[in-house]
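Source file: data-v9.txt; contents: compact mmCIF, C-alpha atoms.
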```
# COMPACT_ATOMS: atom_id res chain seq x y z
CA MET A 57 92.87 85.35 81.61
CA LYS A 58 94.04 85.28 85.22
CA LYS A 59 93.24 82.19 87.27
CA THR A 60 92.04 82.03 90.85
CA GLY A 61 92.75 79.14 93.18
CA GLN A 62 89.66 77.38 91.84
CA GLY A 63 90.57 77.75 88.17
CA LEU A 64 88.06 80.52 87.38
CA SER A 65 89.30 83.67 85.75
CA ILE A 66 89.04 86.96 87.59
CA ASP A 67 87.62 88.46 84.40
CA ALA A 68 84.88 85.85 84.44
CA LEU A 69 84.15 86.32 88.12
CA PHE A 70 84.06 90.07 87.85
CA SER A 71 81.89 90.19 84.73
CA ASP A 72 79.61 87.57 86.30
CA TYR A 73 78.63 89.65 89.31
CA ALA A 74 79.36 93.19 88.12
CA SER A 75 77.55 93.14 84.81
CA ASP A 76 75.13 95.89 83.89
CA ILE A 77 72.17 93.73 84.89
CA THR A 78 69.32 95.77 86.32
CA THR A 79 66.71 94.71 88.84
CA TYR A 80 63.68 94.94 86.56
CA ASP A 81 63.08 94.66 82.83
CA SER A 82 61.10 97.19 80.81
CA ASN A 83 57.85 95.57 81.99
CA GLY A 84 58.72 95.91 85.67
CA VAL A 85 59.43 92.17 86.05
CA LEU A 86 62.50 90.93 87.92
CA ASN A 87 65.29 90.15 85.47
CA LYS A 88 66.56 86.59 85.18
CA GLY A 89 68.72 85.62 88.12
CA VAL A 90 67.47 88.45 90.33
CA GLU A 91 65.39 87.67 93.40
CA GLU A 92 64.14 89.70 96.34
CA LEU A 93 65.14 88.84 99.90
CA ASP A 94 64.05 90.18 103.28
CA ILE A 95 66.68 92.74 104.18
CA ASP A 96 66.93 91.16 107.65
CA LEU A 97 68.37 88.02 106.03
CA ILE A 98 71.27 89.97 104.53
CA ILE A 99 74.42 90.78 106.51
CA PRO A 100 77.54 92.79 105.62
CA ASN A 101 80.70 90.96 104.65
CA PRO A 102 83.09 90.84 107.65
CA ASP A 103 85.95 90.74 105.15
CA GLN A 104 84.77 93.84 103.28
CA PRO A 105 87.96 95.84 102.69
CA ARG A 106 86.09 99.15 102.71
CA LYS A 107 85.50 100.37 106.27
CA ASN A 108 84.55 104.01 105.72
CA PHE A 109 81.31 105.10 104.05
CA ASP A 110 80.48 108.76 103.40
CA GLU A 111 77.24 109.49 105.31
CA ASP A 112 76.19 112.34 103.02
CA LYS A 113 76.57 110.20 99.91
CA LEU A 114 74.70 107.34 101.60
CA ASN A 115 71.79 109.68 102.33
CA GLU A 116 71.81 110.93 98.74
CA LEU A 117 71.68 107.35 97.47
CA ALA A 118 68.90 106.55 99.95
CA ASP A 119 66.83 109.43 98.56
CA SER A 120 67.37 108.09 95.05
CA ILE A 121 66.31 104.59 96.14
CA LYS A 122 63.14 106.00 97.71
CA ASN A 123 62.23 107.64 94.42
CA TYR A 124 63.36 105.04 91.90
CA GLY A 125 64.02 101.83 93.81
CA LEU A 126 67.29 99.89 93.76
CA ILE A 127 68.19 99.88 90.06
CA GLN A 128 71.11 97.41 90.36
CA PRO A 129 70.87 94.33 92.64
CA ILE A 130 73.55 93.53 95.17
CA THR A 131 75.54 90.28 95.01
CA VAL A 132 75.41 87.80 97.89
CA VAL A 133 76.39 84.25 98.84
CA LYS A 134 74.35 82.07 101.17
CA LYS A 135 75.88 81.16 104.54
CA GLY A 136 73.54 79.03 106.63
CA SER A 137 70.25 80.87 106.97
CA LYS A 138 71.77 84.25 106.05
CA TYR A 139 73.19 85.88 102.93
CA ILE A 140 76.54 87.67 103.04
CA ILE A 141 77.13 90.67 100.80
CA ILE A 142 79.93 90.26 98.28
CA ALA A 143 79.34 93.41 96.25
CA GLY A 144 77.00 96.32 96.93
CA GLU A 145 77.29 97.07 100.65
CA ARG A 146 76.87 100.78 99.98
CA ARG A 147 73.56 100.08 98.20
CA TYR A 148 72.54 97.81 101.08
CA ARG A 149 73.27 100.50 103.70
CA ALA A 150 71.38 103.10 101.69
CA SER A 151 68.43 100.70 101.32
CA ILE A 152 68.21 100.42 105.12
CA ILE A 153 68.19 104.22 105.40
CA ALA A 154 65.49 104.31 102.70
CA GLY A 155 63.36 101.94 104.78
CA LEU A 156 63.23 98.99 102.36
CA SER A 157 62.03 95.69 103.81
CA LYS A 158 63.13 93.65 100.78
CA ILE A 159 66.11 94.10 98.50
CA PRO A 160 66.93 92.67 95.04
CA VAL A 161 69.93 90.34 94.99
CA LEU A 162 71.97 88.01 92.80
CA VAL A 163 72.81 84.83 94.74
CA LYS A 164 76.17 83.35 93.70
CA ASN A 165 78.20 80.27 94.63
CA TYR A 166 81.66 81.64 95.41
CA ASN A 167 84.18 80.18 97.82
CA ASP A 168 85.75 82.30 100.55
CA LYS A 169 88.84 83.22 98.53
CA GLU A 170 86.79 84.27 95.51
CA CYS A 171 84.51 86.36 97.75
CA LYS A 172 87.48 88.27 99.12
CA GLU A 173 89.00 88.76 95.67
CA ILE A 174 85.72 90.06 94.25
CA ALA A 175 85.08 92.41 97.16
CA LEU A 176 88.58 93.83 96.71
CA ILE A 177 88.35 94.12 92.92
CA GLU A 178 84.97 95.86 93.08
CA ASN A 179 86.28 98.53 95.42
CA ILE A 180 89.54 99.00 93.50
CA GLN A 181 87.82 99.37 90.13
CA ARG A 182 85.37 101.87 91.58
CA SER A 183 88.06 103.72 93.59
CA ASP A 184 86.11 103.15 96.79
CA LEU A 185 89.04 102.19 99.00
CA ASN A 186 91.43 104.58 100.69
CA PRO A 187 95.11 103.53 100.33
CA ILE A 188 95.24 101.99 103.82
CA GLU A 189 92.15 99.85 103.26
CA GLU A 190 93.55 98.65 99.94
CA ALA A 191 96.91 97.75 101.50
CA ILE A 192 95.22 95.87 104.36
CA ALA A 193 93.13 93.89 101.87
CA TYR A 194 96.27 92.89 99.95
CA SER A 195 97.99 91.87 103.18
CA ASN A 196 95.02 89.78 104.32
CA LEU A 197 94.87 87.86 101.03
CA ILE A 198 98.62 87.22 101.08
CA ASN A 199 98.68 86.02 104.68
CA GLU A 200 95.49 83.98 104.67
CA TYR A 201 96.18 82.13 101.43
CA ASN A 202 99.98 82.06 101.65
CA LEU A 203 100.36 83.96 98.38
CA SER A 204 103.45 85.68 97.09
CA GLN A 205 103.18 89.25 95.86
CA GLU A 206 103.74 87.94 92.34
CA GLU A 207 100.85 85.48 92.66
CA LEU A 208 98.56 88.14 94.04
CA SER A 209 99.49 90.56 91.27
CA LYS A 210 98.53 87.96 88.65
CA THR A 211 95.28 87.13 90.43
CA LEU A 212 94.18 90.75 90.75
CA CYS A 213 95.66 91.97 87.45
CA LYS A 214 97.79 94.52 89.31
CA SER A 215 101.53 95.05 88.88
CA ARG A 216 103.72 93.51 91.55
CA SER A 217 105.39 96.86 92.19
CA ALA A 218 102.01 98.50 92.80
CA ILE A 219 101.15 95.86 95.40
CA ALA A 220 104.60 96.07 97.00
CA ASN A 221 104.40 99.87 97.26
CA SER A 222 100.90 99.62 98.69
CA LEU A 223 101.98 97.13 101.37
CA ARG A 224 104.91 99.35 102.40
CA ILE A 225 102.61 102.09 103.66
CA LEU A 226 101.32 99.72 106.35
CA THR A 227 104.69 100.23 108.09
CA LEU A 228 103.87 103.89 108.74
CA PRO A 229 102.98 104.93 112.30
CA PRO A 230 99.27 105.06 113.25
CA GLU A 231 99.18 108.87 113.25
CA VAL A 232 100.34 109.00 109.65
CA LYS A 233 98.02 106.22 108.50
CA GLN A 234 95.08 108.06 110.03
CA LEU A 235 95.89 111.15 107.96
CA VAL A 236 95.75 108.94 104.85
CA ILE A 237 92.45 107.37 105.96
CA ASP A 238 91.00 110.85 106.56
CA GLY A 239 92.00 111.91 103.06
CA LYS A 240 94.47 114.52 104.26
CA LEU A 241 97.38 112.69 102.64
CA SER A 242 97.38 110.77 99.36
CA ALA A 243 98.94 107.41 98.57
CA GLY A 244 101.80 109.36 96.95
CA HIS A 245 102.47 111.24 100.18
CA ALA A 246 102.40 107.98 102.14
CA LYS A 247 104.86 106.28 99.78
CA ALA A 248 107.25 109.22 100.09
CA LEU A 249 107.15 109.05 103.90
CA VAL A 250 107.90 105.32 103.99
CA SER A 251 111.53 105.93 103.04
CA LEU A 252 112.12 107.92 106.24
CA ASN A 253 113.59 105.71 108.95
CA ASP A 254 112.85 108.04 111.87
CA VAL A 255 109.24 107.63 113.08
CA ASP A 256 109.20 111.07 114.68
CA VAL A 257 110.31 112.68 111.43
CA GLN A 258 107.67 110.71 109.52
CA ILE A 259 104.99 112.13 111.79
CA LYS A 260 106.37 115.68 111.60
CA TYR A 261 106.63 115.60 107.82
CA ALA A 262 103.18 114.04 107.50
CA LYS A 263 101.56 116.71 109.64
CA ALA A 264 103.41 119.46 107.77
CA ALA A 265 102.28 118.04 104.42
CA ALA A 266 98.68 117.75 105.61
CA ASN A 267 98.46 121.14 107.31
CA LYS A 268 100.19 123.03 104.49
CA GLN A 269 98.71 120.90 101.71
CA LEU A 270 102.15 120.25 100.30
CA SER A 271 102.32 118.52 96.93
CA VAL A 272 103.70 115.00 96.69
CA ARG A 273 106.67 116.39 94.76
CA THR A 274 107.51 118.89 97.50
CA LEU A 275 107.32 116.18 100.15
CA GLU A 276 109.51 113.89 98.05
CA LEU A 277 112.15 116.64 97.84
CA MET A 278 112.01 117.13 101.60
CA VAL A 279 112.41 113.41 102.23
CA LYS A 280 115.22 113.08 99.68
CA SER A 281 117.12 115.96 101.21
CA TYR A 282 116.69 114.57 104.71
CA ASN A 283 117.87 111.11 103.69
CA ASN A 284 120.79 112.35 101.60
CA ASN A 285 122.67 114.31 104.21
CA GLU A 286 125.63 116.08 102.64
CA PRO A 287 128.99 114.68 103.75
CA MET A 288 130.85 116.70 106.37
CA PRO A 289 133.80 118.76 105.12
CA LYS A 290 137.11 117.05 105.81
CA LYS A 291 138.12 119.72 108.32
CA GLN A 292 134.73 119.73 110.01
CA ILE A 293 135.01 119.18 113.73
CA LYS A 294 133.00 116.17 114.88
CA LEU A 295 129.82 117.25 116.63
CA SER A 296 129.44 116.43 120.29
CA SER A 297 126.61 114.13 121.34
CA GLU A 298 124.77 117.16 122.77
CA LEU A 299 124.94 119.05 119.46
CA LYS A 300 123.86 115.94 117.53
CA GLU A 301 120.85 115.58 119.80
CA PHE A 302 120.11 119.30 119.40
CA CYS A 303 120.29 118.93 115.60
CA ASN A 304 117.94 115.94 115.67
CA ASP A 305 115.48 117.86 117.85
CA MET A 306 115.47 120.78 115.41
CA GLN A 307 114.88 118.44 112.47
CA ARG A 308 111.84 116.98 114.21
CA ILE A 309 110.46 120.39 115.20
CA PHE A 310 110.92 122.05 111.82
CA ALA A 311 110.26 118.92 109.75
CA THR A 312 113.18 119.67 107.46
CA LYS A 313 116.88 118.99 107.12
CA VAL A 314 119.06 120.81 109.69
CA LYS A 315 122.84 121.05 109.50
CA ILE A 316 125.19 122.31 112.18
CA ILE A 317 128.79 123.30 111.38
CA GLY A 318 131.01 124.13 114.34
CA ASN A 319 131.06 123.32 118.02
CA GLU A 320 129.56 124.55 121.30
CA ASP A 321 131.64 127.75 121.11
CA LYS A 322 131.11 128.80 117.50
CA GLY A 323 129.40 127.64 114.32
CA ARG A 324 126.46 127.90 111.94
CA ILE A 325 123.02 126.30 111.74
CA TYR A 326 121.40 125.69 108.33
CA LEU A 327 117.68 125.04 107.78
CA ASP A 328 116.62 123.75 104.37
CA TYR A 329 113.39 124.80 102.63
CA TYR A 330 112.17 123.61 99.23
CA THR A 331 109.41 125.94 98.12
CA LYS A 332 108.01 129.34 98.99
CA ASP A 333 105.23 127.61 100.89
CA ASP A 334 107.77 125.54 102.80
CA LEU A 335 109.63 128.71 103.81
CA GLN A 336 106.35 130.26 104.92
CA ARG A 337 105.62 127.14 107.00
CA ILE A 338 108.98 127.43 108.80
CA TYR A 339 108.46 131.16 109.33
CA GLU A 340 105.02 130.61 110.86
CA LEU A 341 106.41 127.90 113.13
CA ILE A 342 109.19 130.18 114.39
CA ASP A 343 106.69 133.02 114.80
CA SER A 344 104.44 130.80 116.91
CA LEU A 345 107.41 129.77 119.09
CA LYS A 346 108.18 133.44 119.78
CA ASN A 347 104.75 133.92 121.28
CA GLN A 348 104.94 130.98 123.65
```

Target format structure tokens, applied to this file:
Amino acid sequence: MKKTGQGLSIDALFSDYASDITTYDSNGVLNKGVEELDIDLIIPNPDQPRKNFDEDKLNELADSIKNYGLIQPITVVKKGSKYIIIAGERRYRASIIAGLSKIPVLVKNYNDKECKEIALIENIQRSDLNPIEEAIAYSNLINEYNLSQEELSKTLCKSRSAIANSLRILTLPPEVKQLVIDGKLSAGHAKALVSLNDVDVQIKYAKAAANKQLSVRTLELMVKSYNNNEPMPKKQIKLSSELKEFCNDMQRIFATKVKIIGNEDKGRIYLDYYTKDDLQRIYELIDSLKNQ
């Protein structure tokens, strides 16, 4: 049993609010602990880790609520004259679309830390968060409550390495993080890109992976090859600063490893590709440059 800052177990907290309790019993009477509140008294949780809600799925749920009512109550805590949602914001949003004036709720007495933990656990267990939202939620808990990664891993029943890897993707540039938020790159893609030190290369590789729908494995091979530049032959002439800059430019443009052997007068240029699709990507890029 994992303990929170208040001595309650996460298992107990989670089972307490996320049980299979339904709004009504077989006779149409509110189940024990469930009450109905004016929907105007309920407000979303400002610390809700999930920021993106699929509009089509919300409308589908709203149609279901119109036909069958809200089968499972949402969980709230009272704050002043209002009630803040701890679990069930998607159901709350759909209920507004469905035109409900009252909504069934379970009112709980959780402190702020427990509310944040529960909101995060609910979304993780139901796979509702994109990787960026999950990483931000971890970061907020760590910073606000001065937790170590080890402490957070015990609290949330997640491995420390999983939390550490999740937090690392927050170092990616905004353009790359947006591709993850939009679902064009997975958490695996993001973790592979983190090991690249050049921001421009991160963006180029990310866009290539998204546009060409490259597998995580293919992207990992690209990153590994870029990071593990082969040592120069002993007799290799040192590249001038102009050639080095030219090589770096080509690597950014083609989003792959580029190697130049020689000097301004004579030499060879090597472009690496890792799959047939990667070769096709480079071909199409060169073809588009010819037409400019």

* For A:Val272, work out the shell of residues within 7 Å, counting only C-alpha atoms and skipping chain neighbours fewer than 2 positions away, then give it as a list in words. =>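 Once the nearby chain positions are removed, what remains is Gly244, His245, Leu270, Thr274, Leu275 and Glu276 of chain A.
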
Residues just named, written with C-alpha atoms as a CSV table (one decimal), in the frame of the given file:
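And here's part-v5.csv as it stands now:
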```csv
chain,number,residue,atom,x,y,z
A,244,GLY,CA,101.8,109.4,97.0
A,245,HIS,CA,102.5,111.2,100.2
A,270,LEU,CA,102.2,120.2,100.3
A,274,THR,CA,107.5,118.9,97.5
A,275,LEU,CA,107.3,116.2,100.2
A,276,GLU,CA,109.5,113.9,98.0
```

* **Among listed residues A:Ile325, A:Ile309, A:Leu126, A:Leu208, nearest A:Lys158 (using all atoms listed in the file)** =>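 Checking each candidate against A:Lys158, we get A:Leu126 as the closest.
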
* **Gap from atom CA of A:Val161 to atom CA of A:Ala191 - Å, one decimal** =>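 Separation between atom CA of A:Val161 and atom CA of A:Ala191: 28.7 Å.
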
* Structure fact -> Taken to one decimal, the atom CA of A:Lys122-atom CA of A:Arg147 distance is 12.0 Å

* To do: List every protein, DNA or RNA residue with an atom no more than 7 Å from (107.2, 118.0, 106.4) in the file's coordinates, counting all atoms listed in the file, and format the result as a VMD selection string.
  => chain A and resid 260 to 265 275 278 311 to 312

* Interatomic distance, atom CA of A:Val133 to atom CA of A:Lys164 (Å, one decimal) -> 5.2 Å

Kindly compute an axis-aligned box around the listed atoms of stretch 191-210 of chain A, allowing 8 Å on each side, and express its centre and edge lengths in Å to one decimal as JSON.
```
{"center_x": 98.4, "center_y": 89.9, "center_z": 96.7, "size_x": 26.6, "size_y": 31.7, "size_z": 32.0}
```

Using all atoms listed in the file, find each residue of stretch 107-224 of chain A with at least one atom at most 10 Å away from an atom of stretch 82-101 of chain A; report its shortest atom-to-atom pair and that distance in Å (one decimal), sort the rows by chain and rising residue number, and return the result as CSV.
```
residue,atom,partner,partner_atom,distance
A:Gln128,CA,A:Val90,CA,9.7
A:Pro129,CA,A:Val90,CA,7.2
A:Ile130,CA,A:Val90,CA,9.3
A:Thr131,CA,A:Val90,CA,9.5
A:Val132,CA,A:Ile98,CA,8.1
A:Val133,CA,A:Ile98,CA,9.6
A:Lys134,CA,A:Ile98,CA,9.1
A:Lys135,CA,A:Ile99,CA,9.9
A:Ser137,CA,A:Leu97,CA,7.5
A:Lys138,CA,A:Leu97,CA,5.1
A:Tyr139,CA,A:Ile98,CA,4.8
A:Ile140,CA,A:Ile99,CA,5.1
A:Ile141,CA,A:Asn101,CA,5.3
A:Ile142,CA,A:Asn101,CA,6.5
A:Ala143,CA,A:Asn101,CA,8.9
A:Gly144,CA,A:Pro100,CA,9.4
A:Glu145,CA,A:Pro100,CA,6.6
A:Arg146,CA,A:Pro100,CA,9.8
A:Tyr148,CA,A:Ile95,CA,8.3
A:Arg149,CA,A:Pro100,CA,9.0
A:Ser151,CA,A:Ile95,CA,8.6
A:Ile152,CA,A:Ile95,CA,7.9
A:Gly155,CA,A:Ile95,CA,9.8
A:Leu156,CA,A:Ile95,CA,7.4
A:Ser157,CA,A:Ile95,CA,5.5
A:Lys158,CA,A:Asp94,CA,4.4
A:Ile159,CA,A:Glu92,CA,5.3
A:Pro160,CA,A:Glu92,CA,4.3
A:Val161,CA,A:Glu91,CA,5.5
A:Leu162,CA,A:Val90,CA,5.2
A:Val163,CA,A:Val90,CA,7.8
A:Lys164,CA,A:Gly89,CA,9.6
A:Cys171,CA,A:Asn101,CA,9.1
A:Lys172,CA,A:Asn101,CA,9.2
A:Ala175,CA,A:Asn101,CA,8.8
```

* Measuring atom to atom with all atoms listed in the file, identify which of A:Leu197, A:Ile177, A:Ile237, A:Val314 is nearest to A:Lys107. => A:Ile237

* **Residue with smallest distance to A:Asp103 - pool A:Leu117, A:Glu173, A:Tyr80, A:Gly318, counting all atoms listed in the file** =>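 The closest residue to A:Asp103 is A:Glu173.
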
* To do: Tell me which protein, DNA and RNA residues are within 12 Å of A:Val255, counting all atoms listed in the file, leaving out same-chain ones fewer than 6 positions away, and put them as a PyMOL selection string.
  => chain A and resi 227-232+249+261-262+308+311

* To do: Just the residues within 10 Å of A:Glu116, please, counting only C-alpha atoms, with nothing from its chain fewer than 4 positions along; format it as a PyMOL selection string.
  => chain A and resi 111-112+120-121+150+154

* Shortest interatomic distance to A:Asn267 - which of A:Leu212, A:Ala243, A:Ile153, A:Leu341, counting all atoms listed in the file ->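 Residue with the minimum atom-to-atom distance to A:Asn267: A:Leu341.
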
* **Shell of 9 Å around stretch 185-187 of chain A, only C-alpha atoms, local chain residues under 3 positions omitted, as a ChimeraX atom specification** => /A:105-108,176,179-180,182,190-192,222,225,236-239,242-243,246

* **Residue nearest A:Asp321 among A:Ser296, A:Val250, A:Asp333, A:Lys280 (counting only C-alpha atoms)** => A:Ser296

* **Pick from A:Leu241, A:Gln258, A:Ser251, A:Asn283, whichever lies nearest to A:Ser271 using all atoms listed in the file** =>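 So, comparing all the options, the nearest one is A:Leu241.
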